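Student: This is the structure, below, for whatever I ask next.
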Amino acid sequence: MDFFSLGIAFVVIGLLMLIAEMHTPGFFIAVPGTVLIILGIVFMIMGDKVTVPLAVAVILITSVVATVLVILFYKKLGEGELETTTAVDTLVGREGIVVRKVEPGNLQGKVKIEGDVWSATADREIPEGRKVVVIKGEGVHVVVREK
């Protein structure tokens, strides 16, 4: 058996698998593609000195290492914190401070609640700097009263 030619074929097939993986991410064919490339390189370097036990050992070691690296890569990608969103209804009862005057009948007023700024309205005018309590949420704004 001509292991050099087989090695070239493995490298080409492995590269094609990695190229396909780049176009359809998911690492479902990255590990076998990597294994084929490494096995192909070993076959090309070793030539006729390749034995079945050596080929099996290379396949096993490469498969395990490539799988572990892919898992670590995915864990690293998944480490980022997901942004949290706050539903306006969960703000009821929370305290905040007016950062732009709140007036009845419009949403130009702004209140800062736990670091986030929300559009706000109230049943009476509340000047900047005053503490407020959220009494209800409506759509994407809050209704507040002075504390």
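Residues in the structure tokens are numbered from 1 in each chain, the chains being A, B, ... in the order shown, and ligands are numbered from 1 in the order shown.
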Once DSSP has gone over the backbone, tell me which residues of chain A are in alpha helix (DSSP H), as a PyMOL selection string.
Tutor: chain A and resi 3-23+30-46+52-77
Student: Would you kindly return, as a PDB file with C-alpha atoms, in the first residue's frame, each protein, DNA or RNA residue with an atom no farther than 8 Å from any atom of Leu36 (chain A), considering only C-alpha atoms and excluding same-chain residues fewer than 2 positions away?
Tutor:
ATOM      1  CA  PHE A  10      -6.295  12.251   3.884  1.00  0.00           C
ATOM      2  CA  VAL A  11      -4.875  15.776   4.046  1.00  0.00           C
ATOM      3  CA  ILE A  13     -10.170  15.358   2.512  1.00  0.00           C
ATOM      4  CA  GLY A  14      -9.417  16.806   5.965  1.00  0.00           C
ATOM      5  CA  PRO A  32     -12.644  14.191  11.933  1.00  0.00           C
ATOM      6  CA  GLY A  33     -11.132  16.711   9.506  1.00  0.00           C
ATOM      7  CA  THR A  34      -8.326  17.451  11.965  1.00  0.00           C
ATOM      8  CA  ILE A  38      -2.736  14.750  11.107  1.00  0.00           C
ATOM      9  CA  LEU A  39      -3.007  11.115  10.045  1.00  0.00           C
ATOM     10  CA  GLY A  40      -2.256  12.153   6.455  1.00  0.00           C
TER      11      GLY A  40
END
Student: Which one of A:Arg94, A:Val88, A:Lys110, A:Glu146 sits closest to Val134 (chain A) if you count only C-alpha atoms?
Tutor: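 Of all the options, A:Arg94 lies closest to Val134 (chain A).
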Student: Kindly indicate which residue among A:Lys112, A:Asp89, A:Ala120, A:Val65 lies nearest to Gly137 (chain A), using only C-alpha atoms for the distances.
Tutor: A:Asp89
Student: Skip region 3-5 of chain A itself and residues of its chain fewer than 2 positions away, then list as a PDB file with N, CA and C atoms, in the first residue's frame all residues within 12 Å of it, counting only C-alpha atoms.
Tutor:
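Here's the written file around.pdb:
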ATOM      1  N   MET A   1       0.849  -1.183   0.000  1.00  0.00           N
ATOM      2  CA  MET A   1       0.000   0.000   0.000  1.00  0.00           C
ATOM      3  C   MET A   1       0.892   1.243   0.000  1.00  0.00           C
ATOM      4  N   GLY A   7      -1.740   9.415   2.432  1.00  0.00           N
ATOM      5  CA  GLY A   7      -1.549  10.587   3.293  1.00  0.00           C
ATOM      6  C   GLY A   7      -1.995  11.866   2.596  1.00  0.00           C
ATOM      7  N   ILE A   8      -1.657  12.012   1.328  1.00  0.00           N
ATOM      8  CA  ILE A   8      -2.089  13.190   0.562  1.00  0.00           C
ATOM      9  C   ILE A   8      -3.613  13.226   0.480  1.00  0.00           C
ATOM     10  N   ALA A   9      -4.210  12.085   0.206  1.00  0.00           N
ATOM     11  CA  ALA A   9      -5.676  12.018   0.114  1.00  0.00           C
ATOM     12  C   ALA A   9      -6.311  12.396   1.453  1.00  0.00           C
ATOM     13  N   PHE A  10      -5.759  11.909   2.563  1.00  0.00           N
ATOM     14  CA  PHE A  10      -6.295  12.251   3.884  1.00  0.00           C
ATOM     15  C   PHE A  10      -6.186  13.752   4.153  1.00  0.00           C
ATOM     16  N   VAL A  11      -5.062  14.339   3.818  1.00  0.00           N
ATOM     17  CA  VAL A  11      -4.875  15.776   4.046  1.00  0.00           C
ATOM     18  C   VAL A  11      -5.884  16.575   3.220  1.00  0.00           C
ATOM     19  N   VAL A  12      -6.047  16.202   1.963  1.00  0.00           N
ATOM     20  CA  VAL A  12      -6.997  16.921   1.098  1.00  0.00           C
ATOM     21  C   VAL A  12      -8.419  16.777   1.629  1.00  0.00           C
ATOM     22  N   LEU A  39      -3.318  12.471  10.499  1.00  0.00           N
ATOM     23  CA  LEU A  39      -3.007  11.115  10.045  1.00  0.00           C
ATOM     24  C   LEU A  39      -2.351  11.156   8.658  1.00  0.00           C
ATOM     25  N   GLY A  40      -2.844  12.009   7.789  1.00  0.00           N
ATOM     26  CA  GLY A  40      -2.256  12.153   6.455  1.00  0.00           C
ATOM     27  C   GLY A  40      -0.819  12.630   6.517  1.00  0.00           C
ATOM     28  N   ILE A  41      -0.540  13.588   7.395  1.00  0.00           N
ATOM     29  CA  ILE A  41       0.845  14.085   7.545  1.00  0.00           C
ATOM     30  C   ILE A  41       1.754  12.968   8.055  1.00  0.00           C
ATOM     31  N   VAL A  42       1.265  12.206   9.036  1.00  0.00           N
ATOM     32  CA  VAL A  42       2.062  11.082   9.554  1.00  0.00           C
ATOM     33  C   VAL A  42       2.327  10.073   8.440  1.00  0.00           C
ATOM     34  N   PHE A  43       1.302   9.747   7.658  1.00  0.00           N
ATOM     35  CA  PHE A  43       1.482   8.807   6.548  1.00  0.00           C
ATOM     36  C   PHE A  43       2.489   9.329   5.534  1.00  0.00           C
ATOM     37  N   MET A  44       2.442  10.621   5.223  1.00  0.00           N
ATOM     38  CA  MET A  44       3.382  11.176   4.235  1.00  0.00           C
ATOM     39  C   MET A  44       4.815  11.172   4.771  1.00  0.00           C
ATOM     40  N   ILE A  45       4.970  11.474   6.063  1.00  0.00           N
ATOM     41  CA  ILE A  45       6.327  11.508   6.634  1.00  0.00           C
ATOM     42  C   ILE A  45       6.890  10.103   6.811  1.00  0.00           C
ATOM     43  N   MET A  46       6.083   9.199   7.344  1.00  0.00           N
ATOM     44  CA  MET A  46       6.562   7.851   7.655  1.00  0.00           C
ATOM     45  C   MET A  46       6.614   6.946   6.420  1.00  0.00           C
ATOM     46  N   GLY A  47       5.752   7.207   5.444  1.00  0.00           N
ATOM     47  CA  GLY A  47       5.762   6.388   4.235  1.00  0.00           C
ATOM     48  C   GLY A  47       5.447   4.933   4.512  1.00  0.00           C
ATOM     49  N   ASP A  48       6.312   4.053   4.025  1.00  0.00           N
ATOM     50  CA  ASP A  48       6.084   2.608   4.165  1.00  0.00           C
ATOM     51  C   ASP A  48       6.387   2.093   5.566  1.00  0.00           C
ATOM     52  N   LYS A  49       6.908   2.929   6.444  1.00  0.00           N
ATOM     53  CA  LYS A  49       7.210   2.503   7.814  1.00  0.00           C
ATOM     54  C   LYS A  49       5.961   2.501   8.694  1.00  0.00           C
ATOM     55  N   VAL A  50       4.830   2.938   8.157  1.00  0.00           N
ATOM     56  CA  VAL A  50       3.584   2.983   8.932  1.00  0.00           C
ATOM     57  C   VAL A  50       3.081   1.561   9.156  1.00  0.00           C
ATOM     58  N   THR A  51       2.728   1.295  10.400  1.00  0.00           N
ATOM     59  CA  THR A  51       2.140   0.004  10.747  1.00  0.00           C
ATOM     60  C   THR A  51       0.706   0.237  11.233  1.00  0.00           C
ATOM     61  N   VAL A  52      -0.054  -0.832  11.270  1.00  0.00           N
ATOM     62  CA  VAL A  52      -1.442  -0.710  11.734  1.00  0.00           C
ATOM     63  C   VAL A  52      -1.491  -0.215  13.181  1.00  0.00           C
ATOM     64  N   ALA A  55      -0.887   3.532  13.149  1.00  0.00           N
ATOM     65  CA  ALA A  55      -2.027   4.262  12.585  1.00  0.00           C
ATOM     66  C   ALA A  55      -3.163   4.338  13.599  1.00  0.00           C
TER      67      ALA A  55
END
Student: Could you find all residues in region 45-114 of chain A that DSSP calls strand (DSSP E) from the backbone, and write them as a PyMOL selection string?
Tutor: chain A and resi 95-100+109-113
Student: Could those selected residues go to a file with N, CA and C atoms, as a short mmCIF file (atom, residue, chain, number, x, y, z; two decimals), in the first residue's frame?
Tutor:
data_model
loop_
_atom_site.label_atom_id
_atom_site.label_comp_id
_atom_site.auth_asym_id
_atom_site.auth_seq_id
_atom_site.Cartn_x
_atom_site.Cartn_y
_atom_site.Cartn_z
N GLU A 95 -37.19 51.59 43.94
CA GLU A 95 -36.94 53.02 44.08
C GLU A 95 -35.97 53.50 43.02
N GLY A 96 -36.09 54.76 42.67
CA GLY A 96 -35.19 55.37 41.71
C GLY A 96 -35.07 56.85 41.97
N ILE A 97 -34.38 57.53 41.09
CA ILE A 97 -34.19 58.97 41.22
C ILE A 97 -34.49 59.62 39.87
N VAL A 98 -35.12 60.77 39.90
CA VAL A 98 -35.49 61.48 38.68
C VAL A 98 -34.23 62.13 38.10
N VAL A 99 -33.93 61.82 36.83
CA VAL A 99 -32.78 62.43 36.16
C VAL A 99 -33.22 63.46 35.12
N ARG A 100 -34.49 63.45 34.74
CA ARG A 100 -35.10 64.49 33.91
C ARG A 100 -36.54 64.65 34.39
N GLY A 109 -39.98 62.52 30.79
CA GLY A 109 -39.30 62.34 32.06
C GLY A 109 -38.48 61.07 32.09
N LYS A 110 -37.38 61.12 32.84
CA LYS A 110 -36.49 59.96 32.95
C LYS A 110 -36.17 59.71 34.41
N VAL A 111 -36.18 58.44 34.78
CA VAL A 111 -35.78 58.04 36.13
C VAL A 111 -34.72 56.96 36.04
N LYS A 112 -33.81 56.99 36.99
CA LYS A 112 -32.75 55.98 37.04
C LYS A 112 -33.10 54.98 38.14
N ILE A 113 -33.23 53.72 37.73
CA ILE A 113 -33.60 52.65 38.66
C ILE A 113 -32.56 51.55 38.54
#
Student: Excluding same-chain residues fewer than 4 positions from region 104-106 of chain A, what lies within 9 Å of it counting only C-alpha atoms, as a PDB file with C-alpha atoms, in the first residue's frame?
Tutor:
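Dumped to selection.pdb:
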ATOM      1  CA  ALA A 120     -41.410  57.823  33.184  1.00  0.00           C
ATOM      2  CA  THR A 121     -44.664  59.595  33.816  1.00  0.00           C
ATOM      3  CA  ALA A 122     -46.554  60.488  36.976  1.00  0.00           C
ATOM      4  CA  ASP A 123     -49.843  61.984  38.074  1.00  0.00           C
ATOM      5  CA  ARG A 124     -48.050  65.206  39.064  1.00  0.00           C
ATOM      6  CA  GLU A 125     -44.771  66.947  38.204  1.00  0.00           C
TER       7      GLU A 125
END
Student: One decimal, Å: what's the distance from CA of Leu69 (chain A) over to CA of Pro53 (chain A), could you say?
Tutor: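 Distance reported for this atom pair: 24.1 Å.
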Student: Restricting the calculation to only C-alpha atoms, which member of A:His141, A:Lys75, A:Ile19, A:Leu6 is positioned closest to Asp116 (chain A)?
Tutor: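 For Asp116 (chain A), the nearest of the given residues is A:His141.
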Student: As an exercise, work out the distance from CA of Val102 (chain A) to CA of Gly129 (chain A) in Å and give it to one decimal place.
Tutor: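 According to the coordinates, CA of Val102 (chain A) and CA of Gly129 (chain A) are separated by 10.6 Å.
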Student: How far is it from CA of Ser63 (chain A) to CA of Thr24 (chain A), in Å with one decimal?
Tutor: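 Between CA of Ser63 (chain A) and CA of Thr24 (chain A) the gap works out to 20.7 Å.
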Student: Using only C-alpha atoms, can you tell me which of A:Arg145, A:Glu114, A:Val64, A:Met22 comes closest to Thr90 (chain A)?
Tutor: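 The closest residue to Thr90 (chain A) is A:Glu114.
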Student: Near Val140 (chain A), within 9 Å and counting only C-alpha atoms, which residues show up once chain neighbours fewer than 6 positions away are dropped, as number ranges by chain?
Tutor: A: 87-88, 118-119
Student: Filtering to C-alpha atoms, could you give me those residues as a PDB file, in the first residue's frame?
Tutor:
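Below is the file result34.pdb, written as the result:
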ATOM      1  CA  ALA A  87     -39.228  43.548  32.236  1.00  0.00           C
ATOM      2  CA  VAL A  88     -40.934  46.777  33.191  1.00  0.00           C
ATOM      3  CA  TRP A 118     -36.368  54.513  32.100  1.00  0.00           C
ATOM      4  CA  SER A 119     -38.924  56.825  30.535  1.00  0.00           C
TER       5      SER A 119
END
